[in-house]
file structure.txt (compact mmCIF, C-alpha atoms)
# COMPACT_ATOMS: atom_id res chain seq x y z
CA SER A 309 49.88 110.89 -55.30
CA GLN A 310 48.04 108.17 -57.16
CA GLN A 311 47.58 108.64 -60.87
CA GLY A 312 45.56 105.61 -61.92
CA GLU A 313 42.43 104.67 -60.06
CA GLU A 314 40.78 101.38 -60.84
CA ASP A 315 37.09 100.65 -60.74
CA PRO A 316 35.60 98.48 -59.36
CA GLN A 317 37.76 97.75 -56.33
CA ALA A 318 36.57 94.14 -56.38
CA LEU A 319 34.77 91.98 -58.92
CA SER A 320 33.36 88.46 -58.59
CA ILE A 321 32.19 86.54 -61.68
CA GLN A 322 31.54 83.01 -62.87
CA GLU A 323 34.00 81.12 -65.03
CA GLY A 324 33.27 81.78 -68.71
CA GLU A 325 31.95 85.30 -68.14
CA ASN A 326 33.76 88.43 -69.26
CA ALA A 327 35.44 90.73 -66.74
CA THR A 328 35.79 94.46 -67.32
CA MET A 329 37.97 96.72 -65.22
CA ASN A 330 38.33 100.46 -65.64
CA CYS A 331 41.13 102.87 -64.90
CA SER A 332 41.06 106.66 -64.74
CA TYR A 333 44.07 108.94 -64.56
CA LYS A 334 44.72 112.64 -64.18
CA THR A 335 47.59 113.94 -66.31
CA SER A 336 48.95 113.50 -69.83
CA ILE A 337 50.51 110.12 -70.34
CA ASN A 338 53.08 108.51 -72.59
CA ASN A 339 51.62 105.05 -72.16
CA LEU A 340 49.34 103.02 -69.94
CA GLN A 341 50.00 99.48 -68.82
CA TRP A 342 48.08 96.73 -67.10
CA TYR A 343 49.68 94.29 -64.66
CA ARG A 344 48.42 91.21 -62.84
CA GLN A 345 49.40 90.17 -59.32
CA ASN A 346 48.62 86.77 -57.91
CA SER A 347 48.16 86.70 -54.15
CA GLY A 348 51.37 87.56 -52.31
CA ARG A 349 53.52 87.62 -55.43
CA GLY A 350 55.18 90.17 -57.70
CA LEU A 351 53.43 91.89 -60.59
CA VAL A 352 53.41 90.52 -64.11
CA HIS A 353 53.14 92.83 -67.10
CA LEU A 354 50.12 92.08 -69.29
CA ILE A 355 49.86 94.73 -71.96
CA LEU A 356 51.00 98.26 -72.81
CA ILE A 357 49.03 100.77 -74.85
CA ARG A 358 50.61 103.98 -76.11
CA SER A 359 48.88 107.34 -75.94
CA ASN A 360 48.33 107.39 -79.72
CA GLU A 361 46.64 103.97 -79.71
CA ARG A 362 42.96 103.39 -79.01
CA GLU A 363 42.71 99.63 -78.68
CA LYS A 364 45.03 96.68 -78.26
CA HIS A 365 44.52 92.92 -78.04
CA SER A 366 46.58 90.15 -76.53
CA GLY A 367 44.99 86.70 -76.41
CA ARG A 368 41.86 87.00 -74.24
CA LEU A 369 42.78 90.54 -73.21
CA ARG A 370 41.44 93.68 -74.82
CA VAL A 371 42.54 97.12 -73.68
CA THR A 372 41.04 100.41 -74.76
CA LEU A 373 42.34 103.90 -74.13
CA ASP A 374 40.40 107.15 -74.32
CA THR A 375 42.82 110.02 -73.78
CA SER A 376 40.05 112.62 -74.02
CA LYS A 377 38.38 111.04 -70.98
CA LYS A 378 41.68 110.03 -69.40
CA SER A 379 40.45 106.48 -68.98
CA SER A 380 41.25 102.92 -69.97
CA SER A 381 39.49 99.60 -69.69
CA LEU A 382 40.76 96.04 -69.52
CA LEU A 383 38.44 93.31 -70.76
CA ILE A 384 39.20 89.65 -70.02
CA THR A 385 37.01 87.41 -72.15
CA ALA A 386 35.90 83.89 -71.25
CA SER A 387 37.43 84.16 -67.78
CA ARG A 388 38.99 81.18 -66.02
CA ALA A 389 39.55 80.41 -62.35
CA ALA A 390 43.27 81.00 -63.00
CA ASP A 391 42.47 84.64 -63.84
CA THR A 392 41.73 85.22 -60.15
CA ALA A 393 44.21 87.94 -59.18
CA SER A 394 44.57 91.67 -58.62
CA TYR A 395 44.86 93.84 -61.70
CA PHE A 396 46.64 97.19 -61.72
CA CYS A 397 46.79 99.95 -64.25
CA ALA A 398 49.98 101.98 -64.40
CA THR A 399 50.68 105.19 -66.23
CA LYS A 400 53.93 106.64 -67.47
CA ASN A 401 53.63 110.39 -67.65
CA THR A 402 54.90 112.50 -70.49
CA GLY A 403 58.41 113.65 -69.64
CA GLY A 404 58.59 111.71 -66.39
CA PHE A 405 60.61 108.70 -65.30
CA LYS A 406 58.07 107.31 -62.90
CA THR A 407 55.39 104.75 -63.59
CA ILE A 408 52.48 105.35 -61.26
CA PHE A 409 50.31 102.46 -60.15
CA GLY A 410 46.70 102.50 -59.04
CA ALA A 411 45.32 100.61 -56.06
CA GLY A 412 44.08 97.73 -58.20
CA THR A 413 40.94 95.69 -58.86
CA ARG A 414 40.63 92.33 -57.14
CA LEU A 415 39.06 89.83 -59.53
CA PHE A 416 37.62 86.54 -58.27
CA VAL A 417 36.54 83.99 -60.86
CA LYS A 418 34.37 81.22 -59.48
CA ALA A 419 34.73 77.78 -61.01
CA ASP B 1496 63.25 84.68 -69.25
CA VAL B 1497 63.91 87.84 -67.31
CA LYS B 1498 64.55 87.08 -63.73
CA VAL B 1499 64.39 89.48 -60.83
CA THR B 1500 65.17 87.91 -57.49
CA GLN B 1501 64.86 89.31 -53.99
CA SER B 1502 66.93 88.12 -51.07
CA SER B 1503 64.08 87.09 -48.78
CA ARG B 1504 60.37 86.29 -49.17
CA TYR B 1505 59.63 86.95 -45.51
CA LEU B 1506 61.58 88.96 -42.97
CA VAL B 1507 60.89 89.83 -39.33
CA LYS B 1508 62.93 92.57 -37.70
CA ARG B 1509 62.80 94.60 -34.50
CA THR B 1510 62.29 98.34 -34.22
CA GLY B 1511 65.58 100.20 -34.59
CA GLU B 1512 67.37 97.47 -36.53
CA LYS B 1513 69.14 98.22 -39.79
CA VAL B 1514 67.55 96.21 -42.57
CA PHE B 1515 68.97 95.35 -45.99
CA LEU B 1516 66.76 94.18 -48.84
CA GLU B 1517 68.61 93.00 -51.92
CA CYS B 1518 67.42 92.75 -55.49
CA VAL B 1519 69.26 91.18 -58.41
CA GLN B 1520 68.23 91.16 -62.09
CA ASP B 1521 69.83 89.18 -64.89
CA MET B 1522 68.72 91.10 -67.98
CA ASP B 1523 71.24 93.94 -68.01
CA HIS B 1524 68.50 96.50 -67.32
CA GLU B 1525 69.63 100.04 -66.65
CA ASN B 1526 66.60 100.96 -64.56
CA MET B 1527 65.80 99.47 -61.19
CA PHE B 1528 63.04 100.39 -58.75
CA TRP B 1529 61.98 99.80 -55.18
CA TYR B 1530 58.28 100.02 -54.30
CA ARG B 1531 56.28 99.33 -51.21
CA GLN B 1532 52.78 97.96 -51.45
CA ASP B 1533 50.14 98.49 -48.78
CA PRO B 1534 46.45 97.51 -48.91
CA GLY B 1535 44.33 100.14 -50.62
CA LEU B 1536 47.33 102.26 -51.59
CA GLY B 1537 48.72 100.38 -54.56
CA LEU B 1538 52.43 100.55 -55.24
CA ARG B 1539 54.36 103.59 -54.11
CA LEU B 1540 57.82 104.32 -55.46
CA ILE B 1541 60.54 104.61 -52.83
CA TYR B 1542 63.65 105.01 -55.00
CA PHE B 1543 64.66 104.61 -58.61
CA SER B 1544 68.09 104.05 -60.13
CA TYR B 1545 68.88 104.62 -63.80
CA ASP B 1546 72.53 103.59 -63.72
CA VAL B 1547 75.25 102.36 -61.40
CA LYS B 1548 75.67 104.76 -58.46
CA MET B 1549 72.79 106.91 -59.75
CA LYS B 1550 69.53 107.27 -57.86
CA GLU B 1551 66.42 109.39 -57.72
CA LYS B 1552 63.97 109.76 -54.86
CA GLY B 1553 60.49 108.48 -55.43
CA ASP B 1554 57.33 109.48 -53.61
CA ILE B 1555 58.19 108.11 -50.18
CA PRO B 1556 61.98 108.05 -49.64
CA GLU B 1557 61.93 109.09 -45.98
CA GLY B 1558 63.47 106.45 -43.73
CA TYR B 1559 65.05 104.61 -46.66
CA SER B 1560 68.29 104.72 -48.60
CA VAL B 1561 69.54 102.73 -51.58
CA SER B 1562 72.78 101.47 -53.02
CA ARG B 1563 73.64 100.48 -56.57
CA GLU B 1564 77.29 99.50 -56.84
CA LYS B 1565 76.77 97.01 -59.68
CA LYS B 1566 74.33 97.18 -62.57
CA GLU B 1567 72.53 93.99 -61.65
CA ARG B 1568 72.08 94.70 -57.94
CA PHE B 1569 69.95 97.31 -56.18
CA SER B 1570 69.75 97.36 -52.40
CA LEU B 1571 67.17 99.04 -50.20
CA ILE B 1572 68.28 99.98 -46.70
CA LEU B 1573 66.09 100.81 -43.75
CA GLU B 1574 68.48 102.73 -41.52
CA SER B 1575 66.42 102.26 -38.37
CA ALA B 1576 63.35 100.12 -38.94
CA SER B 1577 60.03 101.32 -37.54
CA THR B 1578 56.68 99.58 -37.26
CA ASN B 1579 55.19 101.79 -39.99
CA GLN B 1580 57.65 100.25 -42.41
CA THR B 1581 55.91 96.90 -42.11
CA SER B 1582 54.90 96.26 -45.70
CA MET B 1583 55.42 94.27 -48.89
CA TYR B 1584 58.53 95.49 -50.74
CA LEU B 1585 58.75 94.95 -54.47
CA CYS B 1586 61.79 95.39 -56.67
CA ALA B 1587 61.51 95.89 -60.43
CA SER B 1588 63.77 96.51 -63.39
CA SER B 1589 63.38 97.74 -66.96
CA PHE B 1590 65.19 99.08 -69.97
CA PRO B 1591 65.06 102.87 -70.24
CA GLY B 1592 62.29 104.27 -72.41
CA THR B 1593 60.17 101.13 -72.31
CA GLY B 1594 57.14 100.96 -70.10
CA GLU B 1595 57.35 97.33 -69.10
CA GLN B 1596 58.79 96.62 -65.68
CA PHE B 1597 59.81 93.16 -64.50
CA PHE B 1598 59.07 92.48 -60.86
CA GLY B 1599 60.63 90.26 -58.24
CA PRO B 1600 58.45 88.05 -56.01
CA GLY B 1601 58.42 90.59 -53.17
CA THR B 1602 59.65 90.64 -49.57
CA ARG B 1603 57.06 90.79 -46.84
CA LEU B 1604 58.75 92.69 -44.01
CA THR B 1605 57.33 92.79 -40.51
CA VAL B 1606 58.84 95.20 -38.00
CA LEU B 1607 57.97 94.40 -34.40
call {"tool": "encode", "arguments": {"input": "structure.txt", "output": "structure tokens"}}
result
Amino acid sequence: SQQGEEDPQALSIQEGENATMNCSYKTSINNLQWYRQNSGRGLVHLILIRSNEREKHSGRLRVTLDTSKKSSSLLITASRAADTASYFCATKNTGGFKTIFGAGTRLFVKA
Amino acid sequence: DVKVTQSSRYLVKRTGEKVFLECVQDMDHENMFWYRQDPGLGLRLIYFSYDVKMKEKGDIPEGYSVSREKKERFSLILESASTNQTSMYLCASSFPGTGEQFFGPGTRLTVL
């Protein structure tokens, strides 16, 4: 069963704009991660946020986590055409070995 | 740089064939994973291995088996390929306890 569900399913923006993607999950987590996948390729890890953290930054990426709402958001600032990809949230449950991936948000950044 | 390689990028097989997908990682990771990815369904875990010769079933192990004889290599076996196993197969590895997984480029398998 899917744990993380991303919203929106697809997003199209102009270069320079900010892109926000949301993820909701169902059970208690140890950490939440975001990955990027370029078309037809493997996933690349972007950022990990632990359950006791509320916000984390990495370059143009900002991730927030609200454990009371069981949700997270990924903000990409000043987007570039090269940011065009699918973005997945993934949760590692408390006490589990599995990391569960959502279905992803497809981001298209127009030059 | 961590490198996870998969034996083929594209593979076409016939129904009933036995299919081997190989994955090799060079970072001495204990954990290795096999996922399949289908449109709208995200990644689904097939099998997980946390050590040589050790394995755990994931969410969709039916029709698959795995082999881990060496730490760096994790093989996925389709005993008798069926058309519903047409998919993108992704291998990943990680250290235990960390969240970050390192993925291979994927194998797009088509079963005719």
call {"tool": "interface_residues", "arguments": {"input": "structure.txt", "of": "chain A", "to": "chain B", "cutoff": "10 Å", "atoms": "all atoms listed in the file", "output": "JSON, numbers by chain"}}
result
{"A": [309, 310, 312, 313, 317, 338, 339, 340, 341, 342, 343, 345, 348, 349, 350, 351, 352, 353, 354, 355, 356, 357, 358, 396, 397, 398, 399, 400, 405, 406, 407, 408, 409, 410, 411, 412, 413]}
call {"tool": "atom_distance", "arguments": {"input": "structure.txt", "atom1": "atom CA of Asp1546 of chain B", "atom2": "atom CA of Leu1516 of chain B"}}
result
18.5 Å
call {"tool": "atom_distance", "arguments": {"input": "structure.txt", "atom1": "atom CA of Ser1562 of chain B", "atom2": "atom CA of Lys1550 of chain B"}}
result
8.2 Å
call {"tool": "atom_distance", "arguments": {"input": "structure.txt", "atom1": "atom CA of Gly1558 of chain B", "atom2": "atom CA of Arg1509 of chain B"}}
result
15.0 Å
call {"tool": "residues_near_point", "arguments": {"input": "structure.txt", "point": "(69.0, 95.5, -55.8)", "cutoff": "6 Å", "atoms": "all atoms listed in the file", "output": "PyMOL selection string"}}
result
chain B and resi 1517-1519+1568-1570
call {"tool": "write_last_selection", "arguments": {"input": "structure.txt", "atoms": "C-alpha atoms", "output": "compact mmCIF listing (two decimals), in the coordinates of the input"}}
result
# COMPACT_ATOMS: atom_id res chain seq x y z
CA GLU B 1517 68.61 93.00 -51.92
CA CYS B 1518 67.42 92.75 -55.49
CA VAL B 1519 69.26 91.18 -58.41
CA ARG B 1568 72.08 94.70 -57.94
CA PHE B 1569 69.95 97.31 -56.18
CA SER B 1570 69.75 97.36 -52.40
call {"tool": "closest_residue", "arguments": {"input": "structure.txt", "among": "B:Asp1523, B:Lys1513, B:Gln1501, B:Tyr1530", "to": "Ile1572 of chain B", "atoms": "only C-alpha atoms"}}
result
B:Lys1513
call {"tool": "closest_residue", "arguments": {"input": "structure.txt", "among": "B:Ala1576, B:Leu1571, B:Val1547, B:Val1606", "to": "Arg1531 of chain B", "atoms": "all atoms listed in the file"}}
result
B:Leu1571
call {"tool": "closest_residue", "arguments": {"input": "structure.txt", "among": "A:Ser336, A:Ser359, A:Thr375, A:Ser381", "to": "Gly403 of chain A", "atoms": "all atoms listed in the file"}}
result
A:Ser336
call {"tool": "residues_near_point", "arguments": {"input": "structure.txt", "point": "(44.2, 101.5, -81.4)", "cutoff": "12 Å", "atoms": "only C-alpha atoms", "output": "ChimeraX atom specification"}}
result
/A:356-365,370-375,380
call {"tool": "write_last_selection", "arguments": {"input": "structure.txt", "atoms": "C-alpha atoms", "output": "short mmCIF file (atom, residue, chain, number, x, y, z; two decimals), in the coordinates of the input"}}
result
data_model
loop_
_atom_site.label_atom_id
_atom_site.label_comp_id
_atom_site.auth_asym_id
_atom_site.auth_seq_id
_atom_site.Cartn_x
_atom_site.Cartn_y
_atom_site.Cartn_z
CA LEU A 356 51.00 98.26 -72.81
CA ILE A 357 49.03 100.77 -74.85
CA ARG A 358 50.61 103.98 -76.11
CA SER A 359 48.88 107.34 -75.94
CA ASN A 360 48.33 107.39 -79.72
CA GLU A 361 46.64 103.97 -79.71
CA ARG A 362 42.96 103.39 -79.01
CA GLU A 363 42.71 99.63 -78.68
CA LYS A 364 45.03 96.68 -78.26
CA HIS A 365 44.52 92.92 -78.04
CA ARG A 370 41.44 93.68 -74.82
CA VAL A 371 42.54 97.12 -73.68
CA THR A 372 41.04 100.41 -74.76
CA LEU A 373 42.34 103.90 -74.13
CA ASP A 374 40.40 107.15 -74.32
CA THR A 375 42.82 110.02 -73.78
CA SER A 380 41.25 102.92 -69.97
#
call {"tool": "residues_around", "arguments": {"input": "structure.txt", "residues": "Val417 of chain A", "least_positions_apart": "5", "cutoff": "6 Å", "atoms": "only C-alpha atoms", "output": "ChimeraX atom specification"}}
result
/A:320-323,389,392
call {"tool": "write_last_selection", "arguments": {"input": "structure.txt", "atoms": "C-alpha atoms", "output": "PDB file, in the frame of the given file"}}
result
ATOM      1  CA  SER A 320      33.360  88.460 -58.590  1.00  0.00           C
ATOM      2  CA  ILE A 321      32.190  86.540 -61.680  1.00  0.00           C
ATOM      3  CA  GLN A 322      31.540  83.010 -62.870  1.00  0.00           C
ATOM      4  CA  GLU A 323      34.000  81.120 -65.030  1.00  0.00           C
ATOM      5  CA  ALA A 389      39.550  80.410 -62.350  1.00  0.00           C
ATOM      6  CA  THR A 392      41.730  85.220 -60.150  1.00  0.00           C
TER       7      THR A 392
END
call {"tool": "decode", "arguments": {"input": "structure.txt", "residues": "chain B", "atoms": "C-alpha atoms", "output": "CSV table (one decimal), in the first residue's frame"}}
result
chain,number,residue,atom,x,y,z
B,1496,ASP,CA,30.8,8.6,-6.1
B,1497,VAL,CA,28.5,5.8,-5.2
B,1498,LYS,CA,27.8,3.7,-8.2
B,1499,VAL,CA,24.9,1.2,-8.7
B,1500,THR,CA,24.9,-0.5,-12.0
B,1501,GLN,CA,22.3,-2.7,-13.6
B,1502,SER,CA,23.1,-5.3,-16.3
B,1503,SER,CA,20.8,-4.0,-19.0
B,1504,ARG,CA,19.0,-0.7,-19.8
B,1505,TYR,CA,16.5,-2.4,-22.0
B,1506,LEU,CA,15.5,-6.1,-22.2
B,1507,VAL,CA,12.9,-7.9,-24.3
B,1508,LYS,CA,11.9,-11.4,-23.3
B,1509,ARG,CA,9.1,-13.9,-24.3
B,1510,THR,CA,6.4,-15.2,-22.0
B,1511,GLY,CA,7.7,-18.2,-20.0
B,1512,GLU,CA,11.4,-17.3,-20.2
B,1513,LYS,CA,13.5,-17.2,-17.1
B,1514,VAL,CA,14.9,-13.7,-16.7
B,1515,PHE,CA,17.9,-12.5,-14.7
B,1516,LEU,CA,18.4,-8.9,-13.7
B,1517,GLU,CA,21.7,-8.1,-12.1
B,1518,CYS,CA,22.6,-5.2,-9.8
B,1519,VAL,CA,26.1,-4.3,-8.6
B,1520,GLN,CA,27.1,-1.6,-6.1
B,1521,ASP,CA,30.6,-0.4,-5.2
B,1522,MET,CA,30.0,1.2,-1.8
B,1523,ASP,CA,30.0,-1.8,0.5
B,1524,HIS,CA,26.4,-1.2,1.3
B,1525,GLU,CA,24.7,-3.9,3.4
B,1526,ASN,CA,21.2,-3.2,2.2
B,1527,MET,CA,20.1,-3.8,-1.4
B,1528,PHE,CA,16.6,-3.4,-2.9
B,1529,TRP,CA,14.6,-4.3,-6.0
B,1530,TYR,CA,11.7,-2.2,-7.0
B,1531,ARG,CA,9.4,-2.1,-10.0
B,1532,GLN,CA,8.0,1.2,-11.2
B,1533,ASP,CA,4.7,1.5,-13.1
B,1534,PRO,CA,2.9,4.7,-14.2
B,1535,GLY,CA,0.7,6.0,-11.5
B,1536,LEU,CA,1.8,3.5,-8.9
B,1537,GLY,CA,5.2,4.8,-7.9
B,1538,LEU,CA,7.9,2.4,-6.8
B,1539,ARG,CA,6.8,-0.9,-5.2
B,1540,LEU,CA,9.3,-3.0,-3.3
B,1541,ILE,CA,9.8,-6.5,-4.6
B,1542,TYR,CA,12.6,-7.8,-2.3
B,1543,PHE,CA,15.1,-6.5,0.1
B,1544,SER,CA,18.4,-7.9,1.3
B,1545,TYR,CA,20.2,-6.8,4.4
B,1546,ASP,CA,23.2,-9.1,4.2
B,1547,VAL,CA,24.7,-11.8,2.0
B,1548,LYS,CA,22.2,-14.7,1.6
B,1549,MET,CA,19.6,-12.8,3.6
B,1550,LYS,CA,16.4,-11.5,2.1
B,1551,GLU,CA,13.0,-10.2,3.0
B,1552,LYS,CA,9.9,-10.1,0.8
B,1553,GLY,CA,8.6,-6.7,-0.1
B,1554,ASP,CA,5.1,-5.8,-1.2
B,1555,ILE,CA,4.9,-7.7,-4.4
B,1556,PRO,CA,7.2,-10.7,-4.3
B,1557,GLU,CA,5.0,-13.1,-6.3
B,1558,GLY,CA,6.6,-14.3,-9.5
B,1559,TYR,CA,10.0,-13.2,-8.4
B,1560,SER,CA,13.0,-14.5,-6.5
B,1561,VAL,CA,16.3,-13.0,-5.5
B,1562,SER,CA,19.9,-14.1,-4.9
B,1563,ARG,CA,22.6,-12.4,-2.9
B,1564,GLU,CA,25.8,-14.5,-2.9
B,1565,LYS,CA,28.2,-11.6,-2.6
B,1566,LYS,CA,27.7,-8.3,-0.8
B,1567,GLU,CA,28.0,-6.2,-3.9
B,1568,ARG,CA,25.7,-8.1,-6.1
B,1569,PHE,CA,21.9,-8.6,-5.9
B,1570,SER,CA,20.1,-10.5,-8.6
B,1571,LEU,CA,16.3,-10.5,-9.4
B,1572,ILE,CA,15.0,-13.6,-11.1
B,1573,LEU,CA,11.7,-13.9,-12.9
B,1574,GLU,CA,11.2,-17.6,-12.9
B,1575,SER,CA,8.7,-17.6,-15.8
B,1576,ALA,CA,8.2,-14.2,-17.2
B,1577,SER,CA,4.6,-13.0,-17.9
B,1578,THR,CA,3.3,-10.0,-19.7
B,1579,ASN,CA,2.2,-8.3,-16.5
B,1580,GLN,CA,5.8,-8.2,-15.4
B,1581,THR,CA,6.5,-5.7,-18.2
B,1582,SER,CA,7.9,-2.7,-16.2
B,1583,MET,CA,10.8,-0.6,-15.2
B,1584,TYR,CA,13.0,-2.4,-12.6
B,1585,LEU,CA,15.1,-0.3,-10.3
B,1586,CYS,CA,17.8,-1.5,-8.0
B,1587,ALA,CA,19.0,0.5,-5.0
B,1588,SER,CA,21.5,0.1,-2.1
B,1589,SER,CA,22.0,1.8,1.2
B,1590,PHE,CA,23.8,1.6,4.6
B,1591,PRO,CA,21.5,0.2,7.3
B,1592,GLY,CA,19.8,2.8,9.5
B,1593,THR,CA,20.2,5.7,7.0
B,1594,GLY,CA,17.4,6.8,4.8
B,1595,GLU,CA,19.2,7.6,1.7
B,1596,GLN,CA,19.1,5.0,-1.1
B,1597,PHE,CA,21.3,5.0,-4.2
B,1598,PHE,CA,19.6,3.9,-7.3
B,1599,GLY,CA,20.8,2.3,-10.5
B,1600,PRO,CA,19.7,3.6,-13.9
B,1601,GLY,CA,16.9,1.0,-14.2
B,1602,THR,CA,16.1,-1.8,-16.6
B,1603,ARG,CA,13.1,-1.4,-18.8
B,1604,LEU,CA,11.8,-5.0,-19.3
B,1605,THR,CA,9.2,-5.9,-21.9
B,1606,VAL,CA,7.7,-9.3,-21.9
B,1607,LEU,CA,6.0,-10.3,-25.1
